[in-house]
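Peer 1: So that we are looking at the same thing, I have put the structure below in structure tokens.
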Amino acid sequence: MAKTKQQKAEILERLTGIFKDSASTVFVHFKGLSVGDETNMRHTLEEDGVNYFVAKKTLMRKAAEAAGIAGDAPELEGEIAVAYGADDPTAPARGVHSFTKEYGTERLAIIGGIYEGGMLDAAGMQEIATIPPLDVLRGMFANVINSPIQRIAVALNQVAEKKA
């Protein structure tokens with residue numbers, strides 16, 4: 001069913017807000033997903049604080065221009081959706097990436113995105129998708145900070161064992 005001009009204006013306004021306010025946005029190409037698969041994906045993404053929205057490609061291009069996004073937009077072909085989130089900037093890419101493994105890249109693929117106010121191609125968004133969640137990164141950082149202390153304790157323990 002065709003959208004009215006008012007509906008298109010509302011969608012354009014929503015997309016512009018998404019592109020301006022989201023920590024990151026991922027352009028997702030989908031084809032041949034069943035309604036059940038897409039519903040499952042939407043619910044799983046929502047649990048991680050990621051929203052999923054399907055819109056017309058022309059409205060996406062206009063919204064990116066209106067939002068002042070730097071760089072060249074990726075080629076938007078086929079059915080396109082956006083996955084976006086406001087909290088963790090890597091969550092949208094990571095969430096969609098996990099489903100590309102499950103459904104295959106023929107049915108679901110990351111084709112680009114917006115990160116830190118600039119357009120990225122598929123390869124750039126794939127790199128972001130492999131970054132661990134923020135909590136895991138904090139744990140890794142704490143481990144790096146704690147590592148020298150552990151090494152000193154092990155060394156002192158070995159010295160004490162040799163002298164005993």
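Going by the structure tokens order, chains are called A, B, ..., each with residues numbered from 1, while ligands are numbered from 1 in the order shown.
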Taking 2 positions as the minimum chain separation for residues in the same chain, which residues sit within 9 Å of segment 56-73 of chain A when counting only C-alpha atoms? Answer as JSON, numbers by chain.
Peer 2: {"A": [8, 9, 11, 12, 13, 14, 15, 16, 17, 18, 19, 20, 54, 75, 76, 77, 78, 79, 80, 81, 82, 112, 113, 114, 117, 118, 119, 120, 121]}
Peer 1: Extract, using only C-alpha atoms, all DNA, RNA and protein residues at most 9 Å from Ser24 of chain A, discarding same-chain residues fewer than 4 positions from it, and format them as a PDB file with C-alpha atoms, in the first residue's frame.
Peer 2:
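around37.pdb was written with the following content:
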ATOM      1  CA  ILE A  18      17.540   8.149  14.375  1.00  0.00           C
ATOM      2  CA  PHE A  19      20.574   9.165  12.325  1.00  0.00           C
ATOM      3  CA  ALA A  83      19.115  -1.265  13.257  1.00  0.00           C
ATOM      4  CA  TYR A  84      20.009   1.411  15.765  1.00  0.00           C
ATOM      5  CA  GLY A  85      20.652   1.931  19.435  1.00  0.00           C
ATOM      6  CA  ALA A  86      21.387   4.813  21.768  1.00  0.00           C
ATOM      7  CA  ASP A  88      26.129   0.831  23.323  1.00  0.00           C
ATOM      8  CA  PRO A  89      27.506   2.017  19.957  1.00  0.00           C
ATOM      9  CA  THR A  90      28.576  -1.500  18.959  1.00  0.00           C
ATOM     10  CA  ALA A  91      25.315  -3.273  19.893  1.00  0.00           C
ATOM     11  CA  PRO A  92      23.399  -2.768  16.615  1.00  0.00           C
ATOM     12  CA  ALA A  93      26.251  -4.105  14.455  1.00  0.00           C
ATOM     13  CA  GLY A 113      26.100   2.103   8.525  1.00  0.00           C
ATOM     14  CA  ILE A 114      26.588   5.332  10.399  1.00  0.00           C
ATOM     15  CA  TYR A 115      29.141   5.444  13.195  1.00  0.00           C
ATOM     16  CA  GLU A 116      30.294   8.595  15.005  1.00  0.00           C
ATOM     17  CA  GLY A 117      28.529  10.832  12.494  1.00  0.00           C
TER      18      GLY A 117
END
Peer 1: For the atom pair atom CA of Phe30 of chain A and atom CA of Gln126 of chain A, what is the interatomic distance in Å to one decimal place?
Peer 2: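 Taking atom CA of Phe30 of chain A as the start and atom CA of Gln126 of chain A as the end point, the length is 16.1 Å.
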Peer 1: Using DSSP assignments from the backbone, pull out every residue in segment 7-145 of chain A that falls under strand (DSSP E) and give it to me as a list in words.
Peer 2: Ser24, Thr25, Val26, Phe27, Val28, His29, Phe30, Asn51, Tyr52, Phe53, Val54, Ile80, Ala81, Val82, Ala83, Tyr84, Gly85, Leu108, Ala109, Ile110, Ile111, Gly112, Gly113, Ile114, Tyr115, Gly118, Met119, Leu120 and Asp121 of chain A
Peer 1: Within 12 Å of Gly104 of chain A, counting only C-alpha atoms, which residues qualify if same-chain residues fewer than 6 places away don't, as a list in words?
Peer 2: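 So, after excluding close chain neighbours, the residues are His29, Phe30, Lys31, Gly32, Leu33, Val96, His97, Ser98 and Ile110 of chain A.
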Peer 1: Could those residues be written to a file, using C-alpha atoms, as a PDB file, in the first residue's frame?
Peer 2:
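As a result, result.pdb now contains:
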ATOM      1  CA  HIS A  29      19.829  -5.990   3.673  1.00  0.00           C
ATOM      2  CA  PHE A  30      17.259  -8.725   4.194  1.00  0.00           C
ATOM      3  CA  LYS A  31      15.701 -11.109   1.719  1.00  0.00           C
ATOM      4  CA  GLY A  32      13.713 -14.275   2.205  1.00  0.00           C
ATOM      5  CA  LEU A  33      13.371 -14.070   5.993  1.00  0.00           C
ATOM      6  CA  VAL A  96      22.775  -8.034  13.365  1.00  0.00           C
ATOM      7  CA  HIS A  97      26.122  -9.772  12.840  1.00  0.00           C
ATOM      8  CA  SER A  98      25.077 -12.609  15.161  1.00  0.00           C
ATOM      9  CA  ILE A 110      25.209  -5.693   6.922  1.00  0.00           C
TER      10      ILE A 110
END
Peer 1: May I have all residues of segment 37-92 of chain A that DSSP, computed from the backbone, assigns to alpha helix (DSSP H), given as a list in words?
Peer 2: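 Checking each residue of segment 37-92 of chain A, the alpha helix (DSSP H) ones are Asp37, Glu38, Thr39, Asn40, Met41, Arg42, His43, Thr44, Leu45, Glu46, Glu47, Lys57, Thr58, Leu59, Met60, Arg61, Lys62, Ala63, Ala64, Glu65, Ala66, Ala67, Ala91 and Pro92 of chain A.
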Peer 1: Take atom CA of Leu137 of chain A and atom CA of Ala122 of chain A and report the distance between them in Å, one decimal.
Peer 2: 23.2 Å
Peer 1: Produce a table with one row for each residue of segment 95-132 of chain A that has an atom at most 12 Å from any atom of segment 37-50 of chain A, each row naming the nearest atom pair and its distance in Å at one decimal; use only C-alpha atoms; arrange rows by chain and rising residue number; format as a tab-separated table.
Peer 2:
residue	atom	partner	partner_atom	distance
A:Gly95	CA	A:Leu45	CA	6.2
A:Val96	CA	A:Leu45	CA	7.9
A:His97	CA	A:Leu45	CA	11.0
A:Ser98	CA	A:Met41	CA	9.8
A:Phe99	CA	A:Met41	CA	7.3
A:Thr100	CA	A:Met41	CA	10.4
A:Glu102	CA	A:Asp37	CA	10.2
A:Tyr103	CA	A:Asp37	CA	8.7
A:Arg107	CA	A:Asp37	CA	10.7
A:Leu108	CA	A:Glu38	CA	10.1
Peer 1: Restricting the output to C-alpha atoms, write the selected residues as an mmCIF file, in the first residue's frame.
Peer 2:
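Result written to again.cif:
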data_model
loop_
_atom_site.group_PDB
_atom_site.id
_atom_site.type_symbol
_atom_site.label_atom_id
_atom_site.label_comp_id
_atom_site.auth_asym_id
_atom_site.auth_seq_id
_atom_site.Cartn_x
_atom_site.Cartn_y
_atom_site.Cartn_z
ATOM 1 C CA GLY A 95 23.350 -7.956 17.114
ATOM 2 C CA VAL A 96 22.775 -8.034 13.365
ATOM 3 C CA HIS A 97 26.122 -9.772 12.840
ATOM 4 C CA SER A 98 25.077 -12.609 15.161
ATOM 5 C CA PHE A 99 21.941 -13.134 13.074
ATOM 6 C CA THR A 100 23.899 -13.111 9.804
ATOM 7 C CA GLU A 102 22.473 -17.814 11.992
ATOM 8 C CA TYR A 103 20.529 -17.000 8.798
ATOM 9 C CA ARG A 107 19.214 -13.750 3.671
ATOM 10 C CA LEU A 108 20.594 -11.083 6.010
#
Peer 1: Quote the spacing between atom CA of Thr25 of chain A and atom CA of Glu127 of chain A in Å to one decimal place.
Peer 2: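 Computing the Euclidean distance for atom CA of Thr25 of chain A and atom CA of Glu127 of chain A yields 14.0 Å.
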Peer 1: Let me make sure I understand: among A:Ser22, A:Asn157, A:Thr130, A:Gln6, which one has the smallest atom-to-atom distance to Asp87 of chain A if we use only C-alpha atoms?
Peer 2: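 That would be A:Ser22, the residue with the smallest distance to Asp87 of chain A.
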